[in-house]
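What's in model.txt: compact mmCIF, C-alpha atoms
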```txt
# COMPACT_ATOMS: atom_id res chain seq x y z
CA MET R 39 126.88 86.78 9.02
CA ALA R 40 128.08 89.89 7.39
CA ARG R 41 125.98 91.66 4.84
CA VAL R 42 126.96 90.98 1.26
CA LEU R 43 126.18 92.74 -2.00
CA ILE R 44 126.76 90.82 -5.22
CA ASN R 45 125.97 92.24 -8.62
CA LEU R 46 126.02 90.01 -11.68
CA PRO R 47 123.66 89.53 -14.63
CA ALA R 48 120.97 86.88 -14.10
CA ARG R 49 121.14 85.88 -17.77
CA ALA R 50 123.96 85.95 -20.28
CA LYS R 51 124.78 84.67 -23.74
CA ARG R 52 127.19 81.75 -23.99
CA GLY R 53 130.74 83.03 -24.23
CA GLU R 54 129.82 86.52 -23.06
CA VAL R 55 132.26 88.26 -20.71
CA ILE R 56 130.31 89.33 -17.62
CA GLU R 57 131.37 91.66 -14.85
CA ILE R 58 130.85 90.56 -11.26
CA LYS R 59 130.93 93.11 -8.45
CA THR R 60 131.12 92.03 -4.82
CA LEU R 61 131.10 93.85 -1.53
CA ILE R 62 131.06 92.48 2.01
CA ALA R 63 130.55 94.42 5.25
CA HIS R 64 133.76 94.08 7.29
CA PRO R 65 135.85 96.57 9.31
CA MET R 66 139.18 95.26 7.88
CA GLU R 67 140.98 96.23 11.09
CA THR R 68 144.62 96.77 10.10
CA GLY R 69 146.32 95.98 13.41
CA TYR R 70 148.17 99.31 13.22
CA ARG R 71 145.53 101.41 14.96
CA VAL R 72 145.61 102.20 18.66
CA GLY R 73 142.47 101.96 20.80
CA PRO R 74 141.16 104.47 23.35
CA ILE R 75 143.30 103.11 26.22
CA GLY R 76 146.50 103.08 24.20
CA THR R 77 146.63 99.41 23.31
CA ALA R 78 146.87 98.26 19.72
CA ILE R 79 143.61 97.02 18.19
CA PRO R 80 144.33 93.46 16.99
CA ARG R 81 144.34 92.79 13.27
CA ASP R 82 141.12 91.36 11.85
CA ILE R 83 140.82 91.33 8.08
CA ILE R 84 139.40 89.22 5.29
CA ASN R 85 142.53 87.77 3.76
CA ARG R 86 141.09 85.55 1.06
CA PHE R 87 138.32 85.73 -1.50
CA VAL R 88 137.48 82.96 -3.94
CA CYS R 89 134.93 82.79 -6.74
CA THR R 90 133.99 79.43 -8.23
CA TYR R 91 131.83 78.78 -11.29
CA ASN R 92 130.07 75.41 -11.00
CA GLY R 93 132.84 74.26 -8.70
CA ALA R 94 135.80 75.45 -10.81
CA GLU R 95 137.82 78.35 -9.43
CA VAL R 96 137.70 81.36 -11.78
CA PHE R 97 139.03 84.11 -9.54
CA ARG R 98 140.95 84.30 -6.27
CA ALA R 99 142.28 87.25 -4.29
CA GLU R 100 144.70 87.55 -1.38
CA LEU R 101 143.98 90.67 0.61
CA PHE R 102 146.22 92.63 2.98
CA PRO R 103 145.47 95.37 5.54
CA ALA R 104 145.79 98.03 2.82
CA ILE R 105 142.40 97.00 1.44
CA ALA R 106 139.72 99.48 2.54
CA ALA R 107 136.96 98.55 4.98
CA ASN R 108 133.98 96.74 3.43
CA PRO R 109 136.16 95.20 0.72
CA PHE R 110 134.86 95.75 -2.79
CA ILE R 111 136.16 93.54 -5.57
CA ALA R 112 135.03 93.66 -9.18
CA PHE R 113 136.28 91.27 -11.85
CA PHE R 114 135.24 89.54 -15.08
CA THR R 115 134.48 86.00 -16.11
CA VAL R 116 133.19 84.20 -19.20
CA ALA R 117 129.62 82.89 -18.97
CA THR R 118 130.21 79.28 -20.03
CA GLU R 119 127.16 77.41 -18.77
CA SER R 120 124.08 77.81 -16.58
CA GLY R 121 124.62 77.06 -12.95
CA GLU R 122 125.93 78.39 -9.69
CA ILE R 123 128.54 81.02 -9.05
CA ALA R 124 129.79 80.81 -5.46
CA PHE R 125 131.66 83.51 -3.57
CA SER R 126 133.53 82.90 -0.32
CA TRP R 127 135.35 85.25 1.98
CA THR R 128 137.73 83.97 4.68
CA ASP R 129 138.87 86.10 7.62
CA ASP R 130 141.86 85.97 9.98
CA HIS R 131 139.98 83.64 12.36
CA GLY R 132 139.56 81.12 9.57
CA GLU R 133 135.82 81.68 9.33
CA THR R 134 134.39 81.52 5.83
CA GLN R 135 131.19 83.03 4.54
CA THR R 136 129.87 81.67 1.26
CA GLU R 137 127.16 83.11 -0.95
CA VAL R 138 125.75 81.46 -4.07
CA ARG R 139 124.08 83.11 -7.07
CA GLN R 140 122.41 81.48 -10.06
CA ILE R 141 123.16 82.35 -13.65
CA THR R 142 121.26 81.29 -16.76
CA VAL R 143 123.31 81.00 -19.93
CA GLU R 144 121.46 80.69 -23.19
CA MET M 64 179.45 131.09 41.07
CA GLU M 65 180.78 130.24 37.65
CA ALA M 66 181.76 126.74 38.70
CA ARG M 67 178.44 126.11 40.43
CA SER M 68 176.38 127.05 37.39
CA GLN M 69 178.52 124.77 35.24
CA SER M 70 178.04 121.89 37.61
CA ALA M 71 174.26 122.49 37.63
CA SER M 72 173.78 122.53 33.88
CA PRO M 73 175.26 119.08 33.14
CA THR M 74 172.85 117.50 35.61
CA ARG M 75 169.95 119.15 33.86
CA ARG M 76 171.35 118.01 30.56
CA VAL M 77 171.66 114.48 31.88
CA ILE M 78 168.05 114.50 33.01
CA LEU M 79 166.91 115.81 29.62
CA LEU M 80 169.01 113.22 27.81
CA ALA M 81 167.58 110.47 29.98
CA ALA M 82 164.06 111.68 29.24
CA ALA M 83 164.82 111.76 25.53
CA GLY M 84 166.23 108.25 25.79
CA VAL M 85 163.00 106.99 27.35
CA GLY M 86 161.09 108.65 24.52
CA VAL M 87 163.21 106.95 21.88
CA GLY M 88 162.82 103.64 23.70
CA LEU M 89 159.04 103.93 23.63
CA ALA M 90 159.05 104.93 19.97
CA SER M 91 161.03 101.83 19.04
CA LEU M 92 158.39 99.66 20.75
CA ALA M 93 155.67 101.05 18.50
CA PRO M 94 154.93 99.17 15.25
CA PRO M 95 156.76 100.35 12.13
CA VAL M 96 155.14 103.50 10.79
CA SER M 97 155.71 102.90 7.10
CA ALA M 98 157.26 100.51 4.66
CA THR M 99 160.05 102.25 2.85
CA SER M 100 160.63 102.13 -0.86
CA ALA M 101 163.23 99.46 -0.08
CA ALA M 102 160.55 97.30 1.54
CA MET M 103 158.48 97.62 -1.62
CA GLU M 104 161.49 96.67 -3.76
CA GLU M 105 162.06 93.65 -1.54
CA ALA M 106 158.42 92.54 -1.77
CA ILE M 107 158.51 92.92 -5.55
CA ARG M 108 161.77 90.93 -5.77
CA ALA M 109 160.23 88.18 -3.61
CA LEU M 110 157.47 87.87 -6.20
CA VAL M 111 159.45 88.36 -9.39
CA GLY M 112 162.77 86.77 -8.48
CA GLU M 113 165.47 87.40 -11.08
CA ALA M 114 163.03 88.00 -13.93
CA THR M 115 162.95 91.41 -15.57
CA ILE M 116 159.88 93.58 -15.23
CA ASN M 117 158.73 95.15 -18.50
CA ARG M 118 156.78 98.36 -18.62
CA GLY M 119 153.59 98.43 -20.63
CA LYS M 120 150.52 96.25 -21.20
CA VAL M 121 149.33 97.01 -17.65
CA ARG M 122 147.18 100.04 -16.91
CA LEU M 123 146.82 101.15 -13.29
CA GLU M 124 144.09 103.69 -12.76
CA LEU M 125 143.99 105.70 -9.55
CA PRO M 126 142.74 109.23 -8.93
CA PRO M 127 145.78 111.60 -8.97
CA ILE M 128 144.51 113.47 -5.92
CA VAL M 129 142.67 111.71 -3.13
CA GLU M 130 140.81 113.48 -0.34
CA ASN M 131 140.34 110.45 1.86
CA GLY M 132 143.09 107.84 2.00
CA ASN M 133 140.79 105.39 3.77
CA THR M 134 139.11 104.40 0.55
CA VAL M 135 140.82 104.95 -2.77
CA PRO M 136 139.29 103.37 -5.88
CA LEU M 137 141.79 101.42 -7.95
CA THR M 138 141.43 99.63 -11.29
CA VAL M 139 144.05 97.50 -12.98
CA SER M 140 143.61 96.27 -16.50
CA VAL M 141 146.01 94.31 -18.68
CA GLU M 142 146.06 94.09 -22.46
CA SER M 143 145.68 90.40 -23.11
CA PRO M 144 143.55 88.16 -25.35
CA MET M 145 143.00 85.89 -22.30
CA THR M 146 143.36 82.63 -24.19
CA GLU M 147 144.87 79.39 -22.90
CA ALA M 148 148.14 80.24 -24.67
CA ASP M 149 148.32 83.92 -23.74
CA HIS M 150 146.65 85.07 -20.55
CA VAL M 151 147.25 86.94 -17.33
CA ALA M 152 147.90 84.58 -14.43
CA SER M 153 147.98 87.09 -11.60
CA ILE M 154 147.99 90.79 -10.78
CA HIS M 155 149.84 92.12 -7.73
CA ILE M 156 149.54 95.57 -6.16
CA PHE M 157 152.30 97.18 -4.08
CA ASN M 158 152.67 100.51 -2.34
CA GLN M 159 155.56 102.56 -1.07
CA LYS M 160 154.63 104.08 2.26
CA ASN M 161 151.92 102.03 3.98
CA PRO M 162 153.05 99.92 6.98
CA GLN M 163 153.14 96.89 4.65
CA PRO M 164 154.24 97.02 1.01
CA TYR M 165 151.74 94.39 -0.23
CA VAL M 166 148.20 95.58 -1.01
CA ALA M 167 146.58 92.66 -2.80
CA ALA M 168 147.12 89.77 -5.19
CA PHE M 169 144.51 88.65 -7.71
CA HIS M 170 144.73 85.29 -9.45
CA LEU M 171 142.89 84.94 -12.71
CA GLY M 172 143.11 82.72 -15.74
CA PRO M 173 141.84 82.26 -19.28
CA ARG M 174 138.29 81.93 -17.90
CA ALA M 175 138.33 85.56 -16.81
CA GLY M 176 137.72 86.68 -20.40
CA LYS M 177 138.99 90.13 -19.62
CA ALA M 178 141.98 90.97 -17.41
CA ALA M 179 140.62 93.78 -15.28
CA VAL M 180 140.12 94.06 -11.53
CA SER M 181 138.76 96.89 -9.39
CA THR M 182 138.94 97.36 -5.64
CA ARG M 183 139.31 100.05 -3.00
CA ILE M 184 142.50 100.51 -1.03
CA ARG M 185 143.94 102.48 1.89
CA LEU M 186 146.83 104.88 1.47
CA ALA M 187 148.72 106.16 4.51
CA ASP M 188 150.47 108.97 2.63
CA SER M 189 151.05 110.51 -0.79
CA GLN M 190 152.98 107.84 -2.56
CA GLN M 191 153.57 105.63 -5.57
CA VAL M 192 151.44 102.54 -6.19
CA VAL M 193 152.76 99.77 -8.44
CA ALA M 194 150.82 97.05 -10.25
CA ILE M 195 152.62 94.00 -11.60
CA ALA M 196 151.01 91.40 -13.84
CA ARG M 197 152.38 87.91 -14.29
CA LEU M 198 151.47 86.42 -17.67
CA GLY M 199 150.92 82.76 -18.42
CA ASP M 200 154.35 82.56 -20.07
CA GLY M 201 156.06 83.77 -16.88
CA SER M 202 156.87 87.31 -18.00
CA PHE M 203 156.15 90.30 -15.77
CA TRP M 204 154.67 93.63 -16.79
CA SER M 205 154.10 96.68 -14.64
CA ASP M 206 152.64 100.14 -14.34
CA SER M 207 152.82 102.69 -11.56
CA ALA M 208 150.80 105.69 -10.45
CA ASP M 209 151.56 108.56 -8.11
CA VAL M 210 148.81 109.59 -5.74
CA ILE M 211 148.54 112.68 -3.57
CA VAL M 212 146.58 112.00 -0.38
CA THR M 213 145.24 114.94 1.62
CA LEU M 214 143.70 112.94 4.52
CA ALA M 215 145.77 109.86 5.23
CA ALA M 216 144.34 106.48 6.20
CA CYS M 217 145.14 105.25 9.72
CA ALA M 218 144.52 108.77 11.08
CA GLU M 219 141.60 108.81 13.50
CA GLY M 220 138.53 110.79 12.69
```

Can you turn what I pasted into structure tokens?
Amino acid sequence: MARVLINLPARAKRGEVIEIKTLIAHPMETGYRVGPIGTAIPRDIINRFVCTYNGAEVFRAELFPAIAANPFIAFFTVATESGEIAFSWTDDHGETQTEVRQITVE
Amino acid sequence: MEARSQSASPTRRVILLAAAGVGVGLASLAPPVSATSAAMEEAIRALVGEATINRGKVRLELPPIVENGNTVPLTVSVESPMTEADHVASIHIFNQKNPQPYVAAFHLGPRAGKAAVSTRIRLADSQQVVAIARLGDGSFWSDSADVIVTLAACAEG
């Protein structure tokens, strides 16, 4: 499990636009680098990021090797209701890591 | 003497040419070093199709001079009320000289509230970066930024 940093307000007013910042520890190996014995290092990147708000998708990103290591993504969403905001990252091997944060909307 | 020296030099030339040929052969086995501007055009056309790309509405923010191409902060924002009728559906980032022209695609919708995305990218060389936004009505808007990179990504160290 890679380390994850997620920054979002714990409370928000209904209808408020909130910023969500996410970062996950990952080398984002491009597949274009050459290792110490001259062989290419195989590609290994996170190619997909999805954010859902109480089950409904609010943001999705497709990533390519040009995204820097430890991909950082910041975006906005409207605080509609209290509940769970889930974040999932999928890598080239098809493995997905999901993190859930709570938000209280008043 | 004259004839002998002439007969010797072609052989040397042949050997050198052969060596050069091997070098070229090895180089062609290596992965492509950079996507050309044409590759970027092609990738943009694959996304946009026949639609025209308007300039404006989109704002692509990148530092003009970057010391380290391995991590370059990038922010794209689009002027949009983000309502059901008028919103940004997706934002696409392209570059000119990295091995692949596509950098990222972000899909948003009216629930985003504000059409702005930040991330960090790699740049293999000083080049132009292009952001294209697709609106809910199917129109495309773009902005571009030129970046000077002093230490390129993909270089070891």

Residues of chain M within 7 Å of chain R, using all atoms listed in the file, as a ChimeraX atom specification?
/M:133-134,165-172,174-177,179-185,217

Taking 2 positions as the minimum chain separation for residues in the same chain, which residues sit within 8 Å of Thr136 (chain R) when counting only C-alpha atoms? Answer as a PyMOL selection string.
chain R and resi 124-127+134+138

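Using only C-alpha atoms, the shortest contact distance between Ala63 (chain R) and any of R:Thr142, R:Lys51, R:Val42, R:Glu119 is found at R:Val42.
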
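Going from CA of Ala208 (chain M) to CA of Ser143 (chain M) covers 20.5 Å.
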
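For the pair CA of Thr138 (chain M) and CA of Glu67 (chain R), the interatomic distance is 22.6 Å.
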
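Atom to atom, CA of Met103 (chain M) and CA of Val210 (chain M) stand 15.9 Å apart.
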
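Proximity ranking of M:Leu186, M:Ala178, M:Ile195, M:Leu110 relative to Met145 (chain M) places M:Ala178 first, based on only C-alpha atoms.
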
Close residues, Ala215 (chain M) itself excluded, 10 Å, all atoms listed in the file, min 2 positions apart in chain, as number ranges by chain
M: 129-134, 185-189, 211-213, 217-219

Can you fill out region 119-143 of chain R with N, CA and C atoms and hand it back as a compact mmCIF listing (two decimals), keeping the file's coordinate frame?
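So rebuild-v3.txt came out as:
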```txt
# COMPACT_ATOMS: atom_id res chain seq x y z
N GLU R 119 128.31 78.31 -18.87
CA GLU R 119 127.16 77.41 -18.77
C GLU R 119 126.26 77.90 -17.64
N SER R 120 125.00 77.46 -17.66
CA SER R 120 124.08 77.81 -16.58
C SER R 120 124.54 77.10 -15.31
N GLY R 121 124.25 77.73 -14.19
CA GLY R 121 124.62 77.06 -12.95
C GLY R 121 124.85 78.03 -11.82
N GLU R 122 125.71 77.62 -10.91
CA GLU R 122 125.93 78.39 -9.69
C GLU R 122 127.29 79.07 -9.71
N ILE R 123 127.28 80.33 -9.29
CA ILE R 123 128.54 81.02 -9.05
C ILE R 123 128.61 81.25 -7.55
N ALA R 124 129.66 80.73 -6.92
CA ALA R 124 129.79 80.81 -5.46
C ALA R 124 130.91 81.77 -5.10
N PHE R 125 130.68 82.52 -4.03
CA PHE R 125 131.66 83.51 -3.57
C PHE R 125 131.96 83.18 -2.11
N SER R 126 133.24 83.12 -1.74
CA SER R 126 133.53 82.90 -0.32
C SER R 126 134.64 83.81 0.16
N TRP R 127 134.41 84.34 1.34
CA TRP R 127 135.35 85.25 1.98
C TRP R 127 135.85 84.56 3.25
N THR R 128 137.17 84.58 3.48
CA THR R 128 137.73 83.97 4.68
C THR R 128 138.46 85.03 5.48
N ASP R 129 138.21 85.09 6.80
CA ASP R 129 138.87 86.10 7.62
C ASP R 129 140.04 85.51 8.41
N ASP R 130 140.68 86.37 9.22
CA ASP R 130 141.86 85.97 9.98
C ASP R 130 141.58 84.85 10.98
N HIS R 131 140.32 84.70 11.42
CA HIS R 131 139.98 83.64 12.36
C HIS R 131 139.69 82.33 11.65
N GLY R 132 139.81 82.33 10.34
CA GLY R 132 139.56 81.12 9.57
C GLY R 132 138.09 80.88 9.26
N GLU R 133 137.25 81.85 9.61
CA GLU R 133 135.82 81.68 9.33
C GLU R 133 135.52 82.08 7.88
N THR R 134 134.70 81.28 7.23
CA THR R 134 134.39 81.52 5.83
C THR R 134 132.91 81.77 5.66
N GLN R 135 132.59 82.78 4.90
CA GLN R 135 131.19 83.03 4.54
C GLN R 135 131.04 82.79 3.05
N THR R 136 130.07 81.99 2.68
CA THR R 136 129.87 81.67 1.26
C THR R 136 128.48 82.10 0.81
N GLU R 137 128.43 82.69 -0.35
CA GLU R 137 127.16 83.11 -0.95
C GLU R 137 127.10 82.49 -2.35
N VAL R 138 125.91 82.09 -2.77
CA VAL R 138 125.75 81.46 -4.07
C VAL R 138 124.72 82.23 -4.88
N ARG R 139 125.02 82.47 -6.16
CA ARG R 139 124.08 83.11 -7.07
C ARG R 139 123.90 82.22 -8.30
N GLN R 140 122.69 82.29 -8.87
CA GLN R 140 122.41 81.48 -10.06
C GLN R 140 122.64 82.32 -11.30
N ILE R 141 123.07 81.67 -12.36
CA ILE R 141 123.16 82.35 -13.65
C ILE R 141 122.58 81.44 -14.73
N THR R 142 121.82 82.06 -15.64
CA THR R 142 121.26 81.29 -16.76
C THR R 142 121.99 81.70 -18.03
N VAL R 143 122.57 80.73 -18.70
CA VAL R 143 123.31 81.00 -19.93
C VAL R 143 122.54 80.39 -21.09
```
